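S.K.: File protein.tsv below, TSV, C-alpha atoms:
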chain	number	residue	atom	x	y	z
A	1	MET	CA	55.32	108.98	106.96
A	2	THR	CA	53.21	111.53	105.14
A	3	GLU	CA	53.29	112.05	101.43
A	4	ILE	CA	54.29	115.37	100.02
A	5	VAL	CA	51.88	116.29	97.28
A	6	GLY	CA	53.50	118.10	94.35
A	7	GLY	CA	53.95	121.64	95.55
A	8	GLN	CA	50.43	121.98	96.90
A	9	GLU	CA	51.50	123.44	100.15
A	10	VAL	CA	54.95	124.95	99.81
A	11	ARG	CA	56.52	125.49	103.19
A	12	ARG	CA	58.62	128.59	103.56
A	13	PRO	CA	61.17	127.98	106.27
A	14	SER	CA	62.68	131.00	107.98
A	15	LEU	CA	66.20	132.07	107.06
A	16	GLY	CA	67.30	131.07	110.56
A	17	ALA	CA	65.93	127.56	110.01
A	18	LEU	CA	67.88	127.24	106.74
A	19	PHE	CA	71.02	128.49	108.47
A	20	THR	CA	70.66	126.00	111.35
A	21	ALA	CA	69.80	123.05	109.11
A	22	PHE	CA	72.92	123.46	106.99
A	23	LEU	CA	75.06	124.16	110.02
A	24	ILE	CA	74.06	120.69	111.26
A	25	VAL	CA	74.72	119.13	107.85
A	26	SER	CA	78.15	120.77	107.76
A	27	LEU	CA	79.19	119.56	111.20
A	28	CYS	CA	77.97	116.01	110.54
A	29	GLY	CA	80.03	115.36	107.42
A	30	VAL	CA	83.54	114.40	108.47
A	31	GLY	CA	86.36	112.88	106.48
A	32	GLY	CA	84.72	113.41	103.12
A	33	GLY	CA	81.48	111.78	102.03
A	34	GLY	CA	78.50	111.33	104.32
A	35	GLY	CA	77.47	114.93	103.81
A	36	ILE	CA	74.86	114.18	101.16
A	37	VAL	CA	73.26	111.54	103.38
A	38	TRP	CA	72.93	114.11	106.13
A	39	ALA	CA	71.56	116.78	103.80
A	40	ARG	CA	68.89	114.33	102.68
A	41	ARG	CA	68.04	113.37	106.23
A	42	VAL	CA	67.64	117.01	107.26
A	43	ALA	CA	65.99	118.58	104.19
A	44	VAL	CA	63.79	115.65	103.12
A	45	GLU	CA	63.08	113.46	106.14
A	46	LYS	CA	63.17	115.76	109.16
A	47	ARG	CA	62.06	119.17	107.89
A	48	ARG	CA	60.16	117.93	104.82
A	49	TRP	CA	61.16	120.98	102.84
A	50	ILE	CA	61.51	119.13	99.57
A	51	SER	CA	60.44	115.74	98.24
A	52	ASP	CA	62.75	112.80	97.67
A	53	ARG	CA	62.47	113.31	93.93
A	54	GLU	CA	63.36	116.97	94.12
A	55	PHE	CA	66.35	116.11	96.25
A	56	ALA	CA	67.56	113.45	93.79
A	57	ASP	CA	67.07	116.00	91.01
A	58	ILE	CA	69.21	118.57	92.83
A	59	VAL	CA	71.93	115.97	93.50
A	60	SER	CA	71.98	115.02	89.85
A	61	LEU	CA	72.41	118.67	88.84
A	62	CYS	CA	75.19	119.16	91.39
A	63	GLN	CA	77.14	116.11	90.20
A	64	PHE	CA	77.22	117.75	86.81
A	65	MET	CA	78.84	120.95	88.07
A	66	PRO	CA	82.23	121.98	89.46
A	67	GLY	CA	82.58	122.30	93.22
A	68	PRO	CA	81.61	120.09	96.16
A	69	ASN	CA	78.16	118.54	95.66
A	70	ILE	CA	77.16	119.22	99.23
A	71	VAL	CA	77.75	122.97	98.84
A	72	GLY	CA	75.67	122.84	95.67
A	73	ILE	CA	72.86	121.17	97.58
A	74	ALA	CA	72.93	124.00	100.14
A	75	VAL	CA	72.80	126.56	97.31
A	76	CYS	CA	69.90	124.84	95.52
A	77	VAL	CA	67.79	123.99	98.58
A	78	GLY	CA	68.23	127.56	99.82
A	79	ALA	CA	67.23	128.93	96.41
A	80	ARG	CA	64.24	126.58	96.18
A	81	MET	CA	62.96	127.65	99.59
A	82	ARG	CA	63.64	131.39	99.69
A	83	GLY	CA	65.42	132.48	96.50
A	84	ALA	CA	68.79	134.22	96.53
A	85	ILE	CA	68.54	135.24	100.17
A	86	GLY	CA	67.73	131.63	101.08
A	87	THR	CA	70.89	130.52	99.30
A	88	LEU	CA	72.91	132.98	101.34
A	89	ALA	CA	71.33	131.74	104.58
A	90	ALA	CA	71.96	128.06	103.76
A	91	LEU	CA	75.53	128.77	102.62
A	92	GLY	CA	76.16	130.93	105.68
A	93	GLY	CA	75.00	128.12	107.94
A	94	PHE	CA	77.12	125.62	106.09
A	95	LEU	CA	80.27	127.74	106.09
A	96	LEU	CA	80.51	130.51	108.67
A	97	ILE	CA	80.71	128.82	112.06
A	98	PRO	CA	82.32	125.55	110.93
A	99	TRP	CA	84.92	127.53	108.98
A	100	ALA	CA	85.79	129.82	111.90
A	101	VAL	CA	85.98	126.92	114.39
A	102	GLY	CA	87.87	124.70	111.95
A	103	LEU	CA	90.36	127.43	111.10
A	104	SER	CA	91.07	128.11	114.79
A	105	LEU	CA	91.45	124.42	115.62
A	106	GLY	CA	93.60	123.82	112.57
A	107	LEU	CA	95.91	126.75	113.21
A	108	LEU	CA	96.30	125.69	116.84
A	109	CYS	CA	97.22	122.25	115.61
A	110	LEU	CA	99.71	123.66	113.08
A	111	LYS	CA	101.38	125.67	115.80
A	112	TYR	CA	102.39	122.43	117.48
A	113	ALA	CA	102.91	120.41	114.31
A	114	HIS	CA	106.64	120.26	115.01
A	115	LEU	CA	106.12	118.22	118.22
A	116	PRO	CA	107.08	114.60	117.52
A	117	VAL	CA	103.81	113.10	118.81
A	118	LEU	CA	101.60	115.43	116.76
A	119	ARG	CA	103.94	115.00	113.78
A	120	ASN	CA	103.38	111.23	113.94
A	121	ILE	CA	99.61	111.55	114.40
A	122	LEU	CA	99.34	113.83	111.37
A	123	ASP	CA	101.41	111.39	109.30
A	124	GLY	CA	99.01	108.60	110.25
A	125	ILE	CA	95.94	110.67	109.39
A	126	ALA	CA	97.37	111.83	106.07
A	127	ALA	CA	98.09	108.21	105.09
A	128	VAL	CA	94.50	107.20	105.92
A	129	ALA	CA	92.95	110.27	104.27
A	130	SER	CA	94.81	109.56	101.02
A	131	GLY	CA	93.48	106.00	101.12
A	132	LEU	CA	89.95	107.33	101.61
A	133	LEU	CA	90.25	109.46	98.47
A	134	ILE	CA	91.52	106.54	96.41
A	135	ALA	CA	88.68	104.30	97.63
A	136	ASN	CA	86.12	107.00	96.94
A	137	GLY	CA	87.27	107.39	93.34
A	138	ILE	CA	87.29	103.63	92.74
A	139	ARG	CA	83.84	103.19	94.29
A	140	LEU	CA	82.28	105.91	92.12
A	141	LEU	CA	83.89	104.43	89.03
A	142	MET	CA	82.48	100.94	89.70
A	143	PRO	CA	79.10	101.51	87.98
A	144	TYR	CA	81.04	102.21	84.76
A	145	ARG	CA	83.27	99.14	84.92
A	146	ARG	CA	81.54	97.36	82.05
A	147	ARG	CA	82.10	100.25	79.69
A	148	PRO	CA	85.64	99.94	78.27
A	149	ALA	CA	85.80	103.57	77.08
A	150	ALA	CA	85.03	104.80	80.61
A	151	LEU	CA	87.91	102.78	82.07
A	152	VAL	CA	90.28	104.01	79.37
A	153	PHE	CA	89.42	107.68	79.99
A	154	ALA	CA	89.62	107.25	83.76
A	155	GLY	CA	93.01	105.59	83.34
A	156	VAL	CA	94.35	108.30	81.04
A	157	ALA	CA	93.10	111.10	83.34
A	158	PHE	CA	94.67	109.31	86.29
A	159	SER	CA	98.05	108.91	84.58
A	160	LEU	CA	98.21	112.46	83.27
A	161	ILE	CA	97.72	113.84	86.78
A	162	ALA	CA	99.52	111.23	88.90
A	163	PHE	CA	102.53	110.67	86.61
A	164	GLY	CA	102.41	113.45	84.02
A	165	ARG	CA	101.82	116.10	86.72
A	166	LEU	CA	99.91	118.17	84.20
A	167	PRO	CA	97.68	121.10	85.26
A	168	LEU	CA	94.03	120.21	85.88
A	169	LEU	CA	92.87	122.70	83.21
A	170	VAL	CA	94.94	121.00	80.52
A	171	VAL	CA	93.79	117.49	81.46
A	172	LEU	CA	90.09	118.42	81.66
A	173	PHE	CA	89.98	120.42	78.46
A	174	GLY	CA	92.10	117.92	76.58
A	175	LEU	CA	90.25	114.82	77.69
A	176	VAL	CA	86.61	115.67	78.40
A	177	PRO	CA	85.69	116.72	74.83
A	178	ILE	CA	87.12	113.45	73.45
A	179	SER	CA	85.43	111.42	76.18
A	180	VAL	CA	82.08	113.13	75.54
A	181	ALA	CA	82.47	112.63	71.77
A	182	VAL	CA	83.07	108.91	72.30
A	183	ALA	CA	80.02	108.70	74.57
A	184	GLY	CA	78.02	110.49	71.86
A	185	VAL	CA	79.13	108.03	69.17
A	186	GLU	CA	78.25	105.10	71.46
A	187	ALA	CA	74.81	106.55	72.11
A	188	ALA	CA	74.20	107.13	68.39
A	189	ARG	CA	75.19	103.52	67.57
A	190	ALA	CA	72.95	102.14	70.29
A	191	ARG	CA	69.96	103.90	68.85
W	7	MET	CA	106.12	137.48	101.51
W	8	SER	CA	105.79	141.23	101.11
W	9	ASP	CA	105.50	140.90	97.36
W	10	PRO	CA	101.83	141.74	96.55
W	11	SER	CA	101.87	139.48	93.50
W	12	VAL	CA	102.07	136.43	95.77
W	13	PRO	CA	98.55	136.58	97.26
W	14	ILE	CA	97.11	137.67	93.92
W	15	ALA	CA	98.69	134.71	92.15
W	16	LEU	CA	97.39	132.27	94.76
W	17	THR	CA	93.87	133.75	94.76
W	18	ALA	CA	93.65	133.76	90.97
W	19	HIS	CA	94.86	130.19	90.80
W	20	LEU	CA	92.39	128.97	93.43
W	21	ALA	CA	89.53	130.76	91.65
W	22	LEU	CA	90.56	129.14	88.38
W	23	VAL	CA	90.80	125.58	89.68
W	24	SER	CA	87.64	125.85	91.78
W	25	SER	CA	85.78	126.87	88.60
W	26	ILE	CA	86.73	123.55	87.02
W	27	SER	CA	86.61	121.38	90.15
W	28	PHE	CA	84.28	118.73	88.71
W	29	GLY	CA	83.88	115.94	91.22
W	30	GLY	CA	84.53	118.24	94.17
W	31	PHE	CA	87.64	119.91	95.55
W	32	PRO	CA	89.74	116.75	96.01
W	33	THR	CA	90.34	116.76	92.25
W	34	VAL	CA	92.19	120.08	92.49
W	35	LEU	CA	94.64	118.92	95.18
W	36	PRO	CA	97.40	117.70	92.81
W	37	ASP	CA	97.20	120.95	90.83
W	38	VAL	CA	97.30	123.11	93.98
W	39	ARG	CA	100.17	121.00	95.36
W	40	ASN	CA	102.14	121.58	92.16
W	41	PHE	CA	101.39	125.29	92.34
W	42	VAL	CA	102.33	125.94	95.98
W	43	VAL	CA	105.04	123.28	96.49
W	44	SER	CA	106.78	122.70	93.15
W	45	THR	CA	106.24	125.94	91.25
W	46	HIS	CA	106.40	128.54	94.02
W	47	GLY	CA	108.03	126.73	96.93
W	48	TRP	CA	105.70	128.35	99.48
W	49	MET	CA	105.69	125.14	101.52
W	50	THR	CA	107.10	121.62	101.54
W	51	ASP	CA	105.33	118.38	100.65
W	52	GLN	CA	105.35	117.55	104.36
W	53	GLU	CA	103.57	120.80	105.26
W	54	PHE	CA	101.03	120.32	102.47
W	55	ALA	CA	100.32	116.81	103.74
W	56	ASP	CA	99.92	118.20	107.29
W	57	LEU	CA	97.30	120.70	106.10
W	58	PHE	CA	95.50	117.88	104.31
W	59	ALA	CA	95.54	115.68	107.43
W	60	ILE	CA	94.20	118.47	109.64
W	61	ALA	CA	91.50	119.51	107.16
W	62	GLN	CA	90.30	115.91	106.77
W	63	SER	CA	89.94	115.35	110.51
W	64	ILE	CA	87.93	118.50	111.27
W	65	PRO	CA	84.13	118.48	110.86
W	66	GLY	CA	82.78	121.01	108.39
W	67	PRO	CA	83.73	122.15	104.90
W	68	ASN	CA	87.14	120.46	104.97
W	69	MET	CA	88.47	121.23	101.50
W	70	ILE	CA	87.54	124.92	101.85
W	71	LEU	CA	89.44	124.84	105.15
W	72	MET	CA	92.36	123.15	103.42
W	73	MET	CA	92.63	126.03	100.93
W	74	SER	CA	92.29	128.51	103.80
W	75	PHE	CA	95.24	126.88	105.56
W	76	VAL	CA	97.21	127.22	102.34
W	77	GLY	CA	96.18	130.89	102.15
W	78	TRP	CA	97.18	131.38	105.78
W	79	ARG	CA	100.66	129.93	105.17
W	80	VAL	CA	101.16	132.31	102.25
W	81	TRP	CA	99.48	135.48	103.47
W	82	GLY	CA	98.21	135.20	107.06
W	83	PHE	CA	94.60	135.81	108.06
W	84	PRO	CA	93.59	137.82	104.96
W	85	GLY	CA	94.98	134.95	102.90
W	86	ALA	CA	92.79	132.46	104.76
W	87	VAL	CA	89.62	134.52	104.14
W	88	VAL	CA	90.38	135.34	100.51
W	89	SER	CA	91.33	131.74	99.72
W	90	ALA	CA	88.04	130.53	101.18
W	91	PHE	CA	86.11	132.95	98.95
W	92	ALA	CA	88.18	132.07	95.89
W	93	THR	CA	87.45	128.40	96.56
W	94	PHE	CA	83.69	128.39	97.16
W	95	GLY	CA	82.67	131.60	95.35
W	96	PRO	CA	82.94	130.50	91.70
W	97	PRO	CA	81.25	127.09	92.14
W	98	CYS	CA	78.43	128.61	94.24
W	99	THR	CA	77.72	131.24	91.59
W	100	MET	CA	77.58	128.51	88.97
W	101	TYR	CA	75.33	126.28	91.09
W	102	PHE	CA	72.92	129.17	91.61
W	103	ALA	CA	72.84	130.12	87.93
W	104	ALA	CA	72.52	126.50	86.80
W	105	TYR	CA	69.67	125.79	89.21
W	106	ARG	CA	67.64	128.58	87.68
W	107	ILE	CA	67.95	127.19	84.15
W	108	TRP	CA	68.00	123.49	85.16
W	109	ASP	CA	64.42	123.05	83.94
W	110	ARG	CA	65.56	123.79	80.43
W	111	PHE	CA	68.20	121.09	80.20
W	112	ARG	CA	67.11	118.54	82.80
W	113	ASP	CA	65.80	116.11	80.19
W	114	ALA	CA	67.98	117.10	77.25
W	115	PRO	CA	69.65	114.09	75.58
W	116	TRP	CA	73.03	115.87	75.39
W	117	GLN	CA	73.02	116.17	79.14
W	118	ARG	CA	73.12	112.39	79.57
W	119	ILE	CA	75.93	112.08	77.03
W	120	VAL	CA	78.05	114.84	78.56
W	121	ARG	CA	77.60	113.17	81.95
W	122	LEU	CA	78.63	109.79	80.54
W	123	GLY	CA	81.79	111.37	79.15
W	124	LEU	CA	82.59	113.57	82.12
W	125	VAL	CA	82.17	111.18	85.05
W	126	PRO	CA	84.88	108.59	84.21
W	127	VAL	CA	87.46	111.35	83.63
W	128	VAL	CA	86.54	112.93	86.96
W	129	MET	CA	86.82	109.62	88.80
W	130	GLY	CA	90.29	109.12	87.33
W	131	LEU	CA	91.14	112.56	88.72
W	132	VAL	CA	89.84	111.68	92.20
W	133	ILE	CA	91.91	108.49	92.34
W	134	ALA	CA	94.96	110.41	91.07
W	135	SER	CA	94.56	113.02	93.79
W	136	GLY	CA	94.56	110.23	96.40
W	137	VAL	CA	97.78	108.86	94.92
W	138	VAL	CA	99.42	112.29	94.74
W	139	MET	CA	98.51	113.00	98.38
W	140	ALA	CA	99.78	109.56	99.40
W	141	ARG	CA	103.07	110.30	97.66
W	142	ALA	CA	103.35	113.58	99.58
W	143	ALA	CA	102.36	112.00	102.90
W	144	ASP	CA	103.71	108.46	102.93
W	145	THR	CA	107.36	108.62	103.86
W	146	SER	CA	107.70	104.99	104.95
W	147	TRP	CA	106.58	101.62	103.59
W	148	ARG	CA	104.37	101.28	106.65
W	149	ALA	CA	102.53	104.48	105.76
W	150	VAL	CA	102.04	103.16	102.23
W	151	ALA	CA	100.60	99.98	103.74
W	152	VAL	CA	98.18	102.04	105.84
W	153	THR	CA	97.00	103.95	102.74
W	154	ASN	CA	96.42	100.70	100.85
W	155	ALA	CA	94.70	99.01	103.79
W	156	THR	CA	92.42	102.04	104.22
W	157	ALA	CA	91.41	101.99	100.57
W	158	ALA	CA	90.74	98.24	100.72
W	159	MET	CA	88.66	98.51	103.90
W	160	MET	CA	86.59	101.39	102.54
W	161	LEU	CA	85.81	99.38	99.42
W	162	ALA	CA	85.03	96.17	101.31
W	163	THR	CA	82.96	97.58	104.21
W	164	ARG	CA	80.52	100.37	105.02
W	165	LEU	CA	82.64	101.74	107.86
W	166	ASN	CA	82.35	105.42	108.75
W	167	PRO	CA	85.59	107.01	107.46
W	168	MET	CA	85.93	108.84	110.78
W	169	TRP	CA	86.89	105.56	112.52
W	170	LEU	CA	89.67	104.93	110.04
W	171	ILE	CA	90.98	108.47	110.53
W	172	LEU	CA	91.03	107.88	114.30
W	173	VAL	CA	92.82	104.56	113.88
W	174	GLY	CA	95.35	106.16	111.52
W	175	GLY	CA	96.02	108.95	114.00
W	176	ALA	CA	96.44	106.43	116.82
W	177	PHE	CA	98.81	104.30	114.73
W	178	GLY	CA	100.91	107.34	113.96
W	179	GLY	CA	100.76	108.67	117.52
W	180	LEU	CA	102.09	105.37	118.86
W	181	GLY	CA	105.06	105.74	116.53
W	182	LEU	CA	104.15	102.74	114.41
W	183	LEU	CA	104.58	104.45	111.02
The structure given in the file should be rewritten as structure tokens.
M.R.:
Amino acid sequence: MTEIVGGQEVRRPSLGALFTAFLIVSLCGVGGGGGIVWARRVAVEKRRWISDREFADIVSLCQFMPGPNIVGIAVCVGARMRGAIGTLAALGGFLLIPWAVGLSLGLLCLKYAHLPVLRNILDGIAAVASGLLIANGIRLLMPYRRRPAALVFAGVAFSLIAFGRLPLLVVLFGLVPISVAVAGVEAARAR
Amino acid sequence: MSDPSVPIALTAHLALVSSISFGGFPTVLPDVRNFVVSTHGWMTDQEFADLFAIAQSIPGPNMILMMSFVGWRVWGFPGAVVSAFATFGPPCTMYFAAYRIWDRFRDAPWQRIVRLGLVPVVMGLVIASGVVMARAADTSWRAVAVTNATAAMMLATRLNPMWLILVGGAFGGLGLL
């Protein structure tokens, strides 16, 4: 293990290398989750493009923004390495080939979705995939379990979508300002 | 589907929800389901659940694929391409812009507070999207049991989700659901 000294020797990977790296990351993340682990393995451990701290910094920015974190990581690592063109290369690697292959496979699958066997397989997968989403949400909420306000806002957001069937825009813009205000008051009291 | 307002409506809606997809694209699933199944009737719950199942079992950017399948059902190949762009375009632009000014607000106190307020809401949305998808997909009590067992196993172990997807597919394929 060699240390990476703060930006002393900035490596400039080729656009092709960025493309390939994020192609690998894309193909390795299946079933949701796992993608960030792979991005770290490739960008930090194998290629040593960025330091662990920089990577954590990028992840923390991405968690703050709309969109899938892993796509954000591709955008930011690409930008960090080669600017706008680097972003395009990383995004292209992440999206182009996997998208084309996935679309073809998926459409082939849909063509036969009426066959009883495939029908049943898809039902089984959908049941599991829904469970994965639920578990993912619960797991990410766990660090906040000792903060009553967090549980209340999570519960209200959950109910408004699951039972109220309200549009996402309405729920976010109705709830987030109140939730942030409460967090602000808590922080001010703690000071 | 010769009405040109159909693809425009879908594209605009995908671009809107992707711009506010905090916590990743799963949080937009209930909203998109409402839009394409309940509001416009472009597909049934069953078909929407099928697209979800296929997208989740293919390696690669699965939620972008999911929206492309939706676009395909509504508008063929152009729909698949345009839906993909509408889904990843807005967030990517924001990521790029935010990364350039990140230095300015990385250590700002408000950033920590906004995060503290935002994250719990988003996690509620993720759990809700799992429940909404389960409601669309689970047509028998056995399927409901599989969803619950999956969630419990994911929380209790460090299993790779791919194994559970395989097991779920096998269960279904054997006609056990």
S.K.: How far is it from atom CA of Ser146 of chain W to atom CA of Ala127 of chain A, in Å with one decimal?
M.R.: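 Separation of atom CA of Ser146 of chain W and atom CA of Ala127 of chain A: 10.1 Å.
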S.K.: Show me, as a PyMOL selection string, the residues that have an atom within 12 Å of Leu107 of chain A when counting only C-alpha atoms, minus same-chain residues fewer than 3 positions from it.
M.R.: (chain A and resi 99-104+110-113) or (chain W and resi 56-57+60-61+64+71-72+74-79+82-83+86)
S.K.: Please save C-alpha atoms of the selected residues as a PDB file, keeping the file's coordinate frame.
M.R.:
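Writing the result to selection-v8.pdb gives the following:
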ATOM      1  CA  TRP A  99      84.920 127.530 108.980  1.00  0.00           C
ATOM      2  CA  ALA A 100      85.790 129.820 111.900  1.00  0.00           C
ATOM      3  CA  VAL A 101      85.980 126.920 114.390  1.00  0.00           C
ATOM      4  CA  GLY A 102      87.870 124.700 111.950  1.00  0.00           C
ATOM      5  CA  LEU A 103      90.360 127.430 111.100  1.00  0.00           C
ATOM      6  CA  SER A 104      91.070 128.110 114.790  1.00  0.00           C
ATOM      7  CA  LEU A 110      99.710 123.660 113.080  1.00  0.00           C
ATOM      8  CA  LYS A 111     101.380 125.670 115.800  1.00  0.00           C
ATOM      9  CA  TYR A 112     102.390 122.430 117.480  1.00  0.00           C
ATOM     10  CA  ALA A 113     102.910 120.410 114.310  1.00  0.00           C
TER      11      ALA A 113
ATOM     12  CA  ASP W  56      99.920 118.200 107.290  1.00  0.00           C
ATOM     13  CA  LEU W  57      97.300 120.700 106.100  1.00  0.00           C
ATOM     14  CA  ILE W  60      94.200 118.470 109.640  1.00  0.00           C
ATOM     15  CA  ALA W  61      91.500 119.510 107.160  1.00  0.00           C
ATOM     16  CA  ILE W  64      87.930 118.500 111.270  1.00  0.00           C
ATOM     17  CA  LEU W  71      89.440 124.840 105.150  1.00  0.00           C
ATOM     18  CA  MET W  72      92.360 123.150 103.420  1.00  0.00           C
ATOM     19  CA  SER W  74      92.290 128.510 103.800  1.00  0.00           C
ATOM     20  CA  PHE W  75      95.240 126.880 105.560  1.00  0.00           C
ATOM     21  CA  VAL W  76      97.210 127.220 102.340  1.00  0.00           C
ATOM     22  CA  GLY W  77      96.180 130.890 102.150  1.00  0.00           C
ATOM     23  CA  TRP W  78      97.180 131.380 105.780  1.00  0.00           C
ATOM     24  CA  ARG W  79     100.660 129.930 105.170  1.00  0.00           C
ATOM     25  CA  GLY W  82      98.210 135.200 107.060  1.00  0.00           C
ATOM     26  CA  PHE W  83      94.600 135.810 108.060  1.00  0.00           C
ATOM     27  CA  ALA W  86      92.790 132.460 104.760  1.00  0.00           C
TER      28      ALA W  86
END
S.K.: Could you give me, as a VMD selection string, the residues that sit within 10 Å of (73.0, 129.0, 108.7) in the file's coordinates, counting all atoms listed in the file?
M.R.: chain A and resid 15 to 24 26 74 86 to 97
S.K.: Name the closest residue to chain A among the candidates W:Ala162, W:Met73, W:Met49, W:Ala143; distances are taken between atoms, counting all atoms listed in the file.
M.R.: W:Ala143
S.K.: State, in Å with one decimal place, the distance from atom CA of Thr33 of chain W to atom CA of Val127 of chain W.
M.R.: 10.6 Å
S.K.: With a cut-off of 10 Å, could you pull out the residues of segment 76-106 of chain A touching segment 53-67 of chain A and give me the nearest pair of atoms for each, distance in Å to one decimal, using only C-alpha atoms, ordered by chain and ascending number, as JSON lines?
M.R.:
{"residue": "A:Cys76", "atom": "CA", "partner": "A:Ile58", "partner_atom": "CA", "distance": 6.9}
{"residue": "A:Val77", "atom": "CA", "partner": "A:Ile58", "partner_atom": "CA", "distance": 8.0}
{"residue": "A:Arg80", "atom": "CA", "partner": "A:Glu54", "partner_atom": "CA", "distance": 9.9}
S.K.: Grab the residues selected above and save them as an mmCIF file, in the frame of the given file with C-alpha atoms.
M.R.:
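Result went into out32.cif, see below:
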data_model
loop_
_atom_site.group_PDB
_atom_site.id
_atom_site.type_symbol
_atom_site.label_atom_id
_atom_site.label_comp_id
_atom_site.auth_asym_id
_atom_site.auth_seq_id
_atom_site.Cartn_x
_atom_site.Cartn_y
_atom_site.Cartn_z
ATOM 1 C CA CYS A 76 69.900 124.840 95.520
ATOM 2 C CA VAL A 77 67.790 123.990 98.580
ATOM 3 C CA ARG A 80 64.240 126.580 96.180
#
S.K.: Could you please fill out segment 105-116 of chain W with N, CA, C and O atoms and send it back as a PDB file, in the coordinates of the input?
M.R.:
ATOM      1  N   TYR W 105      70.934 126.231  88.627  1.00  0.00           N
ATOM      2  CA  TYR W 105      69.670 125.790  89.210  1.00  0.00           C
ATOM      3  C   TYR W 105      68.482 126.525  88.597  1.00  0.00           C
ATOM      4  O   TYR W 105      67.405 125.978  88.437  1.00  0.00           O
ATOM      5  N   ARG W 106      68.727 127.774  88.250  1.00  0.00           N
ATOM      6  CA  ARG W 106      67.640 128.580  87.680  1.00  0.00           C
ATOM      7  C   ARG W 106      67.296 128.161  86.259  1.00  0.00           C
ATOM      8  O   ARG W 106      66.173 128.377  85.809  1.00  0.00           O
ATOM      9  N   ILE W 107      68.255 127.593  85.542  1.00  0.00           N
ATOM     10  CA  ILE W 107      67.950 127.190  84.150  1.00  0.00           C
ATOM     11  C   ILE W 107      67.897 125.673  84.017  1.00  0.00           C
ATOM     12  O   ILE W 107      67.784 125.131  82.920  1.00  0.00           O
ATOM     13  N   TRP W 108      67.959 124.959  85.146  1.00  0.00           N
ATOM     14  CA  TRP W 108      68.000 123.490  85.160  1.00  0.00           C
ATOM     15  C   TRP W 108      66.790 122.904  84.440  1.00  0.00           C
ATOM     16  O   TRP W 108      66.896 121.905  83.755  1.00  0.00           O
ATOM     17  N   ASP W 109      65.638 123.550  84.576  1.00  0.00           N
ATOM     18  CA  ASP W 109      64.420 123.050  83.940  1.00  0.00           C
ATOM     19  C   ASP W 109      64.581 122.898  82.436  1.00  0.00           C
ATOM     20  O   ASP W 109      63.980 122.043  81.821  1.00  0.00           O
ATOM     21  N   ARG W 110      65.413 123.783  81.870  1.00  0.00           N
ATOM     22  CA  ARG W 110      65.560 123.790  80.430  1.00  0.00           C
ATOM     23  C   ARG W 110      66.417 122.633  79.925  1.00  0.00           C
ATOM     24  O   ARG W 110      66.259 122.198  78.802  1.00  0.00           O
ATOM     25  N   PHE W 111      67.359 122.163  80.735  1.00  0.00           N
ATOM     26  CA  PHE W 111      68.200 121.090  80.200  1.00  0.00           C
ATOM     27  C   PHE W 111      68.157 119.798  81.013  1.00  0.00           C
ATOM     28  O   PHE W 111      68.891 118.868  80.740  1.00  0.00           O
ATOM     29  N   ARG W 112      67.219 119.743  81.959  1.00  0.00           N
ATOM     30  CA  ARG W 112      67.110 118.540  82.800  1.00  0.00           C
ATOM     31  C   ARG W 112      66.963 117.268  81.964  1.00  0.00           C
ATOM     32  O   ARG W 112      67.624 116.276  82.208  1.00  0.00           O
ATOM     33  N   ASP W 113      66.079 117.321  80.959  1.00  0.00           N
ATOM     34  CA  ASP W 113      65.800 116.110  80.190  1.00  0.00           C
ATOM     35  C   ASP W 113      66.440 116.098  78.810  1.00  0.00           C
ATOM     36  O   ASP W 113      66.118 115.261  77.979  1.00  0.00           O
ATOM     37  N   ALA W 114      67.345 117.040  78.565  1.00  0.00           N
ATOM     38  CA  ALA W 114      67.980 117.100  77.250  1.00  0.00           C
ATOM     39  C   ALA W 114      68.876 115.883  77.045  1.00  0.00           C
ATOM     40  O   ALA W 114      69.599 115.489  77.947  1.00  0.00           O
ATOM     41  N   PRO W 115      68.820 115.281  75.831  1.00  0.00           N
ATOM     42  CA  PRO W 115      69.650 114.090  75.580  1.00  0.00           C
ATOM     43  C   PRO W 115      71.148 114.381  75.716  1.00  0.00           C
ATOM     44  O   PRO W 115      71.903 113.537  76.174  1.00  0.00           O
ATOM     45  N   TRP W 116      71.590 115.572  75.321  1.00  0.00           N
ATOM     46  CA  TRP W 116      73.030 115.870  75.390  1.00  0.00           C
ATOM     47  C   TRP W 116      73.536 115.836  76.820  1.00  0.00           C
ATOM     48  O   TRP W 116      74.695 115.528  77.078  1.00  0.00           O
TER      49      TRP W 116
END
